[in-house]
Amino acid sequence: MKNISALRTILAIPKTIVLTSHRNPDGDAVGSSLAMCHYLKKLGHTVHIIVPSEYPDFLDWMPNIDEIVVYDLDKERVQDLVNAAEVIFALDYNDLDRIDKVGDMVKKTDAVKVMIDHHLQPADFADFMLSEPSASSTCELVYEFITQHMDDKANIDRKIAEAIMTGILTDTNSFKYSTSPKLFRTAADLVEFGVDDYLLQDLIFNSLKQKNLRLLGHCLHNRMEILEEYNTGIITLTKDDYADFDISRGDTEGIVNYLLKIRNIKMAAFIMEQPTIVKISLRSKGDFSVQKIAQKHFRGGGHRNASGGASFQSLRSTVRRFKELLPAYKAELTA
Ligand code: 5GP
Ligand code: MN
């Protein structure tokens, strides 16, 4: 593993660069990709962004977001871009299986690979790595990359700062968790670069459609189960719910967090029946690690307090299996 600061030499000459981020890209995935894209273009590089699946509507306002190439929509273009790349960045994910088939393409190229990420237990595929699980977001690390490793604060402008702030706001849910003195210093810098944090929060968090609130009501009223004995809450969604509420995966963003608003609830599970798999989103409070549960039981991972995974059984069996796990964690959940 080479020191990431050594990238400065490689990036001193114009390169063809591809930035990749994970499937179901969120604010941090898109924010870090756009921030790096704007920045690297300023340095004179040719830059493209690739994600496996479509980005959510609530990010539509972000400048240049429509230039992102989505693998599901244009597979050939993705293959051409990966083949042509001299440098490939992996942003906001820690293992090539998080970018689906694009991962196989990336594995085969001899492009220089750079990971900037904050997930636990990064896989070993990159030549350069800036991996800090203690960071709030990949966007926080992009700021560190540009200002410290590239020593290039002078090239940060408002557009870059807004993209970085977007990932920070979404991954910390407006500075509710994963905060640190360093994060607040970064945020202060971003505001000095002209970020209007009030406006940005309005764009990001007040952009729901009617159907999102109706879905939330349905989840809380009809689909929520609280297991007081284990300080755990569960919300499930069936395939029929997706059809009835005319929703797609991005529309369920954030619903899991409501369970943690109940006093004493330490773990929240949102279990969704999807066309071929059952997807699980886990959240927790304090020291209880949902990362362990996602990794051990649902082929997933993420962070201590926010993780995800999948199950290949029916929704009903998955929920049963999840409940059967709880006794083993009872001591931790009720401590
Ligand atoms: P979400 O519940 O919002 O889908 O994801 C929460 C966190 O868990 C994110 O940081 C995401 O990267 C991680 N995560 C979600 N699904 C998976 C998965 O299938 N595998 C792994 N390794 N991480 C996941
Ligand atoms: Mn992130």
# chains A, B, ... in the order shown; residues from 1 in each chain; ligands from 1
call {"tool": "residues_around", "arguments": {"residues": "Val47 in chain A", "least_positions_apart": "2", "cutoff": "7 Å", "atoms": "only C-alpha atoms", "output": "JSON, numbers by chain"}}
result
{"A": [16, 17, 18, 37, 41, 45, 49]}
call {"tool": "write_last_selection", "arguments": {"atoms": "N, CA, C and O atoms", "output": "PDB file, in the first residue's frame"}}
result
ATOM      1  N   THR A  16      -6.989  10.258 -17.627  1.00  0.00           N
ATOM      2  CA  THR A  16      -8.385   9.864 -17.821  1.00  0.00           C
ATOM      3  C   THR A  16      -8.813   9.109 -16.570  1.00  0.00           C
ATOM      4  O   THR A  16      -8.237   8.070 -16.234  1.00  0.00           O
ATOM      5  N   ILE A  17      -9.805   9.671 -15.887  1.00  0.00           N
ATOM      6  CA  ILE A  17     -10.139   9.169 -14.550  1.00  0.00           C
ATOM      7  C   ILE A  17     -11.614   8.745 -14.478  1.00  0.00           C
ATOM      8  O   ILE A  17     -12.486   9.423 -15.032  1.00  0.00           O
ATOM      9  N   VAL A  18     -11.850   7.633 -13.825  1.00  0.00           N
ATOM     10  CA  VAL A  18     -13.223   7.204 -13.558  1.00  0.00           C
ATOM     11  C   VAL A  18     -13.433   7.161 -12.041  1.00  0.00           C
ATOM     12  O   VAL A  18     -12.608   6.625 -11.307  1.00  0.00           O
ATOM     13  N   CYS A  37     -15.160  14.954  -8.815  1.00  0.00           N
ATOM     14  CA  CYS A  37     -15.249  15.216 -10.253  1.00  0.00           C
ATOM     15  C   CYS A  37     -14.958  16.693 -10.549  1.00  0.00           C
ATOM     16  O   CYS A  37     -14.118  17.014 -11.403  1.00  0.00           O
ATOM     17  N   LYS A  41     -11.457  17.822 -12.453  1.00  0.00           N
ATOM     18  CA  LYS A  41     -11.590  18.540 -13.732  1.00  0.00           C
ATOM     19  C   LYS A  41     -10.832  19.868 -13.673  1.00  0.00           C
ATOM     20  O   LYS A  41     -10.212  20.278 -14.644  1.00  0.00           O
ATOM     21  N   HIS A  45      -7.962  17.074 -15.558  1.00  0.00           N
ATOM     22  CA  HIS A  45      -8.197  15.672 -15.906  1.00  0.00           C
ATOM     23  C   HIS A  45      -9.528  15.499 -16.646  1.00  0.00           C
ATOM     24  O   HIS A  45     -10.416  16.335 -16.557  1.00  0.00           O
ATOM     25  N   ILE A  49     -18.118   9.773 -13.878  1.00  0.00           N
ATOM     26  CA  ILE A  49     -18.617   9.100 -12.666  1.00  0.00           C
ATOM     27  C   ILE A  49     -19.495   7.920 -13.086  1.00  0.00           C
ATOM     28  O   ILE A  49     -20.356   8.061 -13.958  1.00  0.00           O
TER      29      ILE A  49
END
call {"tool": "residues_near_ligand", "arguments": {"ligand": "ligand 2", "cutoff": "12 Å", "atoms": "only C-alpha atoms and all ligand atoms", "output": "short mmCIF file (atom, residue, chain, number, x, y, z; two decimals) with C-alpha atoms, in the first residue's frame"}}
result
data_model
loop_
_atom_site.label_atom_id
_atom_site.label_comp_id
_atom_site.auth_asym_id
_atom_site.auth_seq_id
_atom_site.Cartn_x
_atom_site.Cartn_y
_atom_site.Cartn_z
CA SER A 21 -19.52 4.64 -6.08
CA HIS A 22 -21.86 2.03 -4.61
CA ASN A 24 -28.26 2.61 -4.50
CA PRO A 25 -26.03 5.67 -4.24
CA ASP A 26 -26.88 7.98 -1.34
CA GLY A 27 -25.99 11.61 -0.60
CA ASP A 28 -22.45 10.70 0.45
CA ALA A 29 -21.84 8.52 -2.62
CA VAL A 30 -23.10 11.18 -5.03
CA GLY A 31 -21.68 14.10 -3.04
CA SER A 32 -18.18 12.63 -2.83
CA SER A 33 -18.24 11.66 -6.52
CA ALA A 90 -13.60 3.87 -5.28
CA LEU A 91 -15.64 6.34 -3.26
CA ASP A 92 -17.85 5.49 -0.27
CA TYR A 93 -17.52 1.72 -0.50
CA ASN A 94 -14.97 -0.78 0.76
CA ILE A 116 -11.49 6.89 -0.27
CA ASP A 117 -13.97 5.48 2.23
CA HIS A 118 -15.19 5.30 5.82
CA HIS A 119 -16.68 1.79 6.06
CA LEU A 120 -15.31 -0.79 8.47
CA SER A 131 -9.82 4.59 4.74
CA GLU A 132 -10.97 6.08 8.03
CA PRO A 133 -13.91 4.32 9.68
CA SER A 134 -14.01 7.04 12.32
CA ALA A 135 -14.85 9.68 9.69
CA SER A 136 -18.48 10.79 9.46
CA SER A 137 -18.62 10.40 5.72
CA THR A 138 -16.58 9.90 2.60
CA CYS A 139 -17.21 13.56 1.87
CA GLU A 140 -15.36 14.52 5.06
CA LEU A 141 -12.44 12.44 3.73
CA VAL A 142 -12.64 14.07 0.29
CA ILE A 164 -18.98 17.83 0.22
CA THR A 166 -24.28 17.27 1.03
CA GLY A 167 -22.59 13.99 1.94
CA ILE A 168 -21.79 15.22 5.44
CA LEU A 169 -25.40 16.31 6.03
CA THR A 170 -26.90 13.07 4.73
CA ASP A 171 -24.47 10.65 6.41
CA THR A 172 -24.65 12.40 9.80
CA ASN A 173 -28.38 13.17 9.46
CA SER A 178 -20.44 10.51 13.88
CA GLY A 302 -21.36 -0.93 6.95
CA HIS A 303 -20.82 1.00 10.16
CA ALA A 306 -25.79 1.88 10.36
CA SER A 307 -25.42 -1.27 8.34
#
call {"tool": "residues_around", "arguments": {"residues": "range 187-198 of chain A", "least_positions_apart": "5", "cutoff": "8 Å", "atoms": "only C-alpha atoms", "output": "MDAnalysis selection string"}}
result
chainID A and resid 156:158 161:162 165
call {"tool": "write_last_selection", "arguments": {"atoms": "N, CA, C and O atoms", "output": "compact mmCIF listing (two decimals), in the first residue's frame"}}
result
# COMPACT_ATOMS: atom_id res chain seq x y z
N ILE A 156 -10.49 24.64 -3.84
CA ILE A 156 -11.87 24.37 -3.40
C ILE A 156 -12.72 25.61 -3.69
O ILE A 156 -12.32 26.73 -3.43
N ASP A 157 -13.88 25.37 -4.29
CA ASP A 157 -14.81 26.47 -4.54
C ASP A 157 -16.18 26.10 -4.00
O ASP A 157 -16.35 25.03 -3.41
N ARG A 158 -17.17 26.98 -4.19
CA ARG A 158 -18.47 26.74 -3.59
C ARG A 158 -19.14 25.46 -4.09
O ARG A 158 -19.75 24.73 -3.32
N ALA A 161 -17.56 22.62 -2.37
CA ALA A 161 -17.92 22.66 -0.95
C ALA A 161 -19.37 22.20 -0.73
O ALA A 161 -19.66 21.49 0.23
N GLU A 162 -20.26 22.58 -1.64
CA GLU A 162 -21.67 22.17 -1.50
C GLU A 162 -21.82 20.66 -1.66
O GLU A 162 -22.60 20.03 -0.94
N MET A 165 -20.56 19.14 1.55
CA MET A 165 -21.50 19.34 2.65
C MET A 165 -22.72 18.43 2.49
O MET A 165 -23.29 17.95 3.49
call {"tool": "select_by_dssp", "arguments": {"residues": "range 124-240 of chain A", "states": "strand (DSSP E)", "output": "PyMOL selection string"}}
result
chain A and resi 128-131+224-227+232-237
call {"tool": "write_last_selection", "arguments": {"atoms": "C-alpha atoms", "output": "tab-separated table (two decimals), in the first residue's frame"}}
result
chain	number	residue	atom	x	y	z
A	128	PHE	CA	-3.81	3.87	-2.60
A	129	MET	CA	-6.16	4.04	0.35
A	130	LEU	CA	-7.65	6.76	2.49
A	131	SER	CA	-9.82	4.59	4.74
A	224	MET	CA	-44.15	-1.65	12.92
A	225	GLU	CA	-43.42	-4.17	15.65
A	226	ILE	CA	-41.72	-3.23	18.92
A	227	LEU	CA	-40.02	-6.04	20.85
A	232	THR	CA	-35.63	-3.62	19.24
A	233	GLY	CA	-38.02	-2.32	16.62
A	234	ILE	CA	-38.85	-3.86	13.25
A	235	ILE	CA	-40.60	-2.45	10.20
A	236	THR	CA	-41.32	-4.73	7.26
A	237	LEU	CA	-42.44	-3.91	3.73
call {"tool": "residues_around", "arguments": {"residues": "Ile88 in chain A", "least_positions_apart": "5", "cutoff": "8 Å", "atoms": "only C-alpha atoms", "output": "NGL selection string"}}
result
:A and (17-20 or 82 or 106 or 111-114)
call {"tool": "residues_around", "arguments": {"residues": "range 62-71 of chain A", "least_positions_apart": "5", "cutoff": "8 Å", "atoms": "only C-alpha atoms", "output": "MDAnalysis selection string"}}
result
chainID A and resid 30 34 48:54 77:78 102 159 163
call {"tool": "write_last_selection", "arguments": {"atoms": "N, CA and C atoms", "output": "tab-separated table (two decimals), in the first residue's frame"}}
result
chain	number	residue	atom	x	y	z
A	30	VAL	N	-22.97	10.20	-3.95
A	30	VAL	CA	-23.10	11.18	-5.03
A	30	VAL	C	-22.31	12.44	-4.71
A	34	LEU	N	-19.30	13.80	-7.01
A	34	LEU	CA	-19.38	15.09	-7.71
A	34	LEU	C	-18.28	16.05	-7.22
A	48	HIS	N	-15.09	10.92	-15.42
A	48	HIS	CA	-16.46	10.42	-15.51
A	48	HIS	C	-16.83	9.72	-14.20
A	49	ILE	N	-18.12	9.77	-13.88
A	49	ILE	CA	-18.62	9.10	-12.67
A	49	ILE	C	-19.49	7.92	-13.09
A	50	ILE	N	-19.26	6.77	-12.45
A	50	ILE	CA	-20.07	5.58	-12.72
A	50	ILE	C	-20.69	5.08	-11.40
A	51	VAL	N	-21.99	4.81	-11.43
A	51	VAL	CA	-22.63	4.10	-10.31
A	51	VAL	C	-23.43	2.93	-10.89
A	52	PRO	N	-23.61	1.85	-10.11
A	52	PRO	CA	-24.32	0.69	-10.66
A	52	PRO	C	-25.81	0.95	-10.90
A	53	SER	N	-26.47	1.63	-9.96
A	53	SER	CA	-27.92	1.83	-10.09
A	53	SER	C	-28.25	3.30	-9.91
A	54	GLU	N	-29.49	3.66	-10.22
A	54	GLU	CA	-29.86	5.08	-10.28
A	54	GLU	C	-29.77	5.80	-8.93
A	77	ARG	N	-21.40	1.75	-22.29
A	77	ARG	CA	-20.67	2.99	-22.01
A	77	ARG	C	-19.79	2.79	-20.78
A	78	VAL	N	-20.33	2.11	-19.78
A	78	VAL	CA	-19.57	1.87	-18.55
A	78	VAL	C	-18.33	1.05	-18.87
A	102	VAL	N	-19.84	-3.86	-12.25
A	102	VAL	CA	-18.78	-2.89	-12.50
A	102	VAL	C	-17.50	-3.33	-11.77
A	159	LYS	N	-19.00	25.18	-5.38
A	159	LYS	CA	-19.65	23.99	-5.93
A	159	LYS	C	-19.07	22.72	-5.29
A	163	ALA	N	-21.09	20.10	-2.61
A	163	ALA	CA	-21.17	18.64	-2.80
A	163	ALA	C	-20.64	17.92	-1.55
call {"tool": "closest_residue", "arguments": {"among": "A:Arg98, A:Lys261, A:His38, A:Arg185", "to": "ligand 1", "atoms": "only C-alpha atoms and all ligand atoms"}}
result
A:Arg98
call {"tool": "closest_residue", "arguments": {"among": "A:Thr147, A:Ser284, A:Thr186, A:Gln313", "to": "ligand 1", "atoms": "only C-alpha atoms and all ligand atoms"}}
result
A:Ser284
call {"tool": "closest_residue", "arguments": {"among": "A:Ile10, A:Ala294, A:Ala84, A:Ala335", "to": "ligand 1", "atoms": "only C-alpha atoms and all ligand atoms"}}
result
A:Ala294
call {"tool": "select_by_dssp", "arguments": {"residues": "range 79-219 of chain A", "states": "alpha helix (DSSP H)", "output": "ChimeraX atom specification"}}
result
/A:79-84,101-108,138-144,158-171,181-192,197-205,210-219
call {"tool": "decode", "arguments": {"residues": "range 158-174 of chain A", "atoms": "all heavy atoms", "output": "PDB file, in the first residue's frame"}}
result
ATOM      1  N   ARG A 158     -17.165  26.977  -4.195  1.00  0.00           N
ATOM      2  CA  ARG A 158     -18.474  26.742  -3.585  1.00  0.00           C
ATOM      3  C   ARG A 158     -19.140  25.464  -4.085  1.00  0.00           C
ATOM      4  O   ARG A 158     -19.753  24.726  -3.323  1.00  0.00           O
ATOM      5  CB  ARG A 158     -19.398  27.938  -3.841  1.00  0.00           C
ATOM      6  CG  ARG A 158     -20.549  27.931  -2.867  1.00  0.00           C
ATOM      7  CD  ARG A 158     -21.383  29.163  -2.972  1.00  0.00           C
ATOM      8  NE  ARG A 158     -22.542  28.867  -3.806  1.00  0.00           N
ATOM      9  CZ  ARG A 158     -23.419  29.765  -4.187  1.00  0.00           C
ATOM     10  NH1 ARG A 158     -23.251  31.031  -3.862  1.00  0.00           N
ATOM     11  NH2 ARG A 158     -24.447  29.423  -4.906  1.00  0.00           N
ATOM     12  N   LYS A 159     -19.000  25.184  -5.377  1.00  0.00           N
ATOM     13  CA  LYS A 159     -19.645  23.989  -5.930  1.00  0.00           C
ATOM     14  C   LYS A 159     -19.075  22.715  -5.287  1.00  0.00           C
ATOM     15  O   LYS A 159     -19.817  21.798  -4.911  1.00  0.00           O
ATOM     16  CB  LYS A 159     -19.419  23.962  -7.458  1.00  0.00           C
ATOM     17  CG  LYS A 159     -20.310  22.995  -8.175  1.00  0.00           C
ATOM     18  CD  LYS A 159     -20.455  23.325  -9.658  1.00  0.00           C
ATOM     19  CE  LYS A 159     -19.277  22.824 -10.462  1.00  0.00           C
ATOM     20  NZ  LYS A 159     -19.550  22.744 -11.907  1.00  0.00           N
ATOM     21  N   ILE A 160     -17.763  22.677  -5.135  1.00  0.00           N
ATOM     22  CA  ILE A 160     -17.122  21.525  -4.488  1.00  0.00           C
ATOM     23  C   ILE A 160     -17.565  21.457  -3.025  1.00  0.00           C
ATOM     24  O   ILE A 160     -17.926  20.392  -2.511  1.00  0.00           O
ATOM     25  CB  ILE A 160     -15.577  21.628  -4.589  1.00  0.00           C
ATOM     26  CG1 ILE A 160     -15.136  21.530  -6.048  1.00  0.00           C
ATOM     27  CG2 ILE A 160     -14.895  20.561  -3.737  1.00  0.00           C
ATOM     28  CD1 ILE A 160     -13.655  21.814  -6.297  1.00  0.00           C
ATOM     29  N   ALA A 161     -17.557  22.617  -2.371  1.00  0.00           N
ATOM     30  CA  ALA A 161     -17.921  22.664  -0.945  1.00  0.00           C
ATOM     31  C   ALA A 161     -19.366  22.204  -0.730  1.00  0.00           C
ATOM     32  O   ALA A 161     -19.665  21.487   0.226  1.00  0.00           O
ATOM     33  CB  ALA A 161     -17.715  24.077  -0.404  1.00  0.00           C
ATOM     34  N   GLU A 162     -20.261  22.584  -1.642  1.00  0.00           N
ATOM     35  CA  GLU A 162     -21.673  22.171  -1.502  1.00  0.00           C
ATOM     36  C   GLU A 162     -21.825  20.661  -1.660  1.00  0.00           C
ATOM     37  O   GLU A 162     -22.598  20.029  -0.944  1.00  0.00           O
ATOM     38  CB  GLU A 162     -22.539  22.881  -2.552  1.00  0.00           C
ATOM     39  CG  GLU A 162     -22.930  24.271  -2.110  1.00  0.00           C
ATOM     40  CD  GLU A 162     -23.736  25.028  -3.155  1.00  0.00           C
ATOM     41  OE1 GLU A 162     -23.884  24.534  -4.291  1.00  0.00           O
ATOM     42  OE2 GLU A 162     -24.197  26.126  -2.821  1.00  0.00           O
ATOM     43  N   ALA A 163     -21.091  20.098  -2.605  1.00  0.00           N
ATOM     44  CA  ALA A 163     -21.165  18.639  -2.796  1.00  0.00           C
ATOM     45  C   ALA A 163     -20.641  17.919  -1.550  1.00  0.00           C
ATOM     46  O   ALA A 163     -21.219  16.928  -1.099  1.00  0.00           O
ATOM     47  CB  ALA A 163     -20.378  18.245  -4.047  1.00  0.00           C
ATOM     48  N   ILE A 164     -19.549  18.444  -0.992  1.00  0.00           N
ATOM     49  CA  ILE A 164     -18.982  17.829   0.221  1.00  0.00           C
ATOM     50  C   ILE A 164     -19.973  17.959   1.390  1.00  0.00           C
ATOM     51  O   ILE A 164     -20.231  17.003   2.123  1.00  0.00           O
ATOM     52  CB  ILE A 164     -17.624  18.478   0.579  1.00  0.00           C
ATOM     53  CG1 ILE A 164     -16.575  18.115  -0.485  1.00  0.00           C
ATOM     54  CG2 ILE A 164     -17.157  18.050   1.969  1.00  0.00           C
ATOM     55  CD1 ILE A 164     -15.223  18.806  -0.311  1.00  0.00           C
ATOM     56  N   MET A 165     -20.555  19.142   1.546  1.00  0.00           N
ATOM     57  CA  MET A 165     -21.505  19.342   2.652  1.00  0.00           C
ATOM     58  C   MET A 165     -22.718  18.427   2.493  1.00  0.00           C
ATOM     59  O   MET A 165     -23.286  17.949   3.491  1.00  0.00           O
ATOM     60  CB  MET A 165     -21.952  20.816   2.704  1.00  0.00           C
ATOM     61  CG  MET A 165     -22.815  21.154   3.895  1.00  0.00           C
ATOM     62  SD  MET A 165     -21.927  21.047   5.481  1.00  0.00           S
ATOM     63  CE  MET A 165     -21.869  22.775   5.941  1.00  0.00           C
ATOM     64  N   THR A 166     -23.123  18.147   1.259  1.00  0.00           N
ATOM     65  CA  THR A 166     -24.281  17.269   1.028  1.00  0.00           C
ATOM     66  C   THR A 166     -24.053  15.881   1.632  1.00  0.00           C
ATOM     67  O   THR A 166     -24.924  15.347   2.336  1.00  0.00           O
ATOM     68  CB  THR A 166     -24.551  17.149  -0.491  1.00  0.00           C
ATOM     69  OG1 THR A 166     -24.881  18.443  -0.976  1.00  0.00           O
ATOM     70  CG2 THR A 166     -25.701  16.192  -0.780  1.00  0.00           C
ATOM     71  N   GLY A 167     -22.879  15.316   1.386  1.00  0.00           N
ATOM     72  CA  GLY A 167     -22.587  13.988   1.940  1.00  0.00           C
ATOM     73  C   GLY A 167     -22.466  14.013   3.453  1.00  0.00           C
ATOM     74  O   GLY A 167     -22.886  13.075   4.138  1.00  0.00           O
ATOM     75  N   ILE A 168     -21.914  15.102   3.979  1.00  0.00           N
ATOM     76  CA  ILE A 168     -21.792  15.222   5.441  1.00  0.00           C
ATOM     77  C   ILE A 168     -23.185  15.303   6.059  1.00  0.00           C
ATOM     78  O   ILE A 168     -23.503  14.602   7.016  1.00  0.00           O
ATOM     79  CB  ILE A 168     -20.928  16.454   5.819  1.00  0.00           C
ATOM     80  CG1 ILE A 168     -19.466  16.210   5.425  1.00  0.00           C
ATOM     81  CG2 ILE A 168     -21.058  16.769   7.310  1.00  0.00           C
ATOM     82  CD1 ILE A 168     -18.542  17.400   5.652  1.00  0.00           C
ATOM     83  N   LEU A 169     -24.045  16.141   5.476  1.00  0.00           N
ATOM     84  CA  LEU A 169     -25.400  16.306   6.035  1.00  0.00           C
ATOM     85  C   LEU A 169     -26.193  15.016   5.961  1.00  0.00           C
ATOM     86  O   LEU A 169     -26.910  14.661   6.910  1.00  0.00           O
ATOM     87  CB  LEU A 169     -26.150  17.405   5.265  1.00  0.00           C
ATOM     88  CG  LEU A 169     -25.739  18.841   5.588  1.00  0.00           C
ATOM     89  CD1 LEU A 169     -26.352  19.806   4.572  1.00  0.00           C
ATOM     90  CD2 LEU A 169     -26.158  19.222   7.004  1.00  0.00           C
ATOM     91  N   THR A 170     -26.080  14.286   4.857  1.00  0.00           N
ATOM     92  CA  THR A 170     -26.904  13.075   4.733  1.00  0.00           C
ATOM     93  C   THR A 170     -26.339  11.954   5.607  1.00  0.00           C
ATOM     94  O   THR A 170     -27.096  11.269   6.284  1.00  0.00           O
ATOM     95  CB  THR A 170     -27.043  12.617   3.270  1.00  0.00           C
ATOM     96  OG1 THR A 170     -25.749  12.495   2.683  1.00  0.00           O
ATOM     97  CG2 THR A 170     -27.864  13.608   2.466  1.00  0.00           C
ATOM     98  N   ASP A 171     -25.023  11.759   5.619  1.00  0.00           N
ATOM     99  CA  ASP A 171     -24.467  10.650   6.413  1.00  0.00           C
ATOM    100  C   ASP A 171     -24.526  10.887   7.924  1.00  0.00           C
ATOM    101  O   ASP A 171     -24.544   9.932   8.698  1.00  0.00           O
ATOM    102  CB  ASP A 171     -23.020  10.343   5.988  1.00  0.00           C
ATOM    103  CG  ASP A 171     -22.970   9.171   5.014  1.00  0.00           C
ATOM    104  OD1 ASP A 171     -23.985   8.936   4.312  1.00  0.00           O
ATOM    105  OD2 ASP A 171     -21.943   8.470   4.951  1.00  0.00           O
ATOM    106  N   THR A 172     -24.545  12.147   8.352  1.00  0.00           N
ATOM    107  CA  THR A 172     -24.653  12.398   9.800  1.00  0.00           C
ATOM    108  C   THR A 172     -26.083  12.745  10.193  1.00  0.00           C
ATOM    109  O   THR A 172     -26.344  13.041  11.367  1.00  0.00           O
ATOM    110  CB  THR A 172     -23.756  13.585  10.245  1.00  0.00           C
ATOM    111  OG1 THR A 172     -24.271  14.788   9.640  1.00  0.00           O
ATOM    112  CG2 THR A 172     -22.304  13.390   9.878  1.00  0.00           C
ATOM    113  N   ASN A 173     -27.010  12.717   9.217  1.00  0.00           N
ATOM    114  CA  ASN A 173     -28.379  13.169   9.456  1.00  0.00           C
ATOM    115  C   ASN A 173     -28.354  14.538  10.159  1.00  0.00           C
ATOM    116  O   ASN A 173     -28.853  14.688  11.269  1.00  0.00           O
ATOM    117  CB  ASN A 173     -29.159  12.116  10.255  1.00  0.00           C
ATOM    118  CG  ASN A 173     -30.666  12.316  10.151  1.00  0.00           C
ATOM    119  OD1 ASN A 173     -31.128  13.212   9.447  1.00  0.00           O
ATOM    120  ND2 ASN A 173     -31.423  11.494  10.860  1.00  0.00           N
ATOM    121  N   SER A 174     -27.760  15.500   9.477  1.00  0.00           N
ATOM    122  CA  SER A 174     -27.631  16.871  10.000  1.00  0.00           C
ATOM    123  C   SER A 174     -26.894  16.940  11.329  1.00  0.00           C
ATOM    124  O   SER A 174     -27.395  17.505  12.309  1.00  0.00           O
ATOM    125  CB  SER A 174     -29.007  17.530  10.170  1.00  0.00           C
ATOM    126  OG  SER A 174     -29.614  17.699   8.943  1.00  0.00           O
TER     127      SER A 174
END
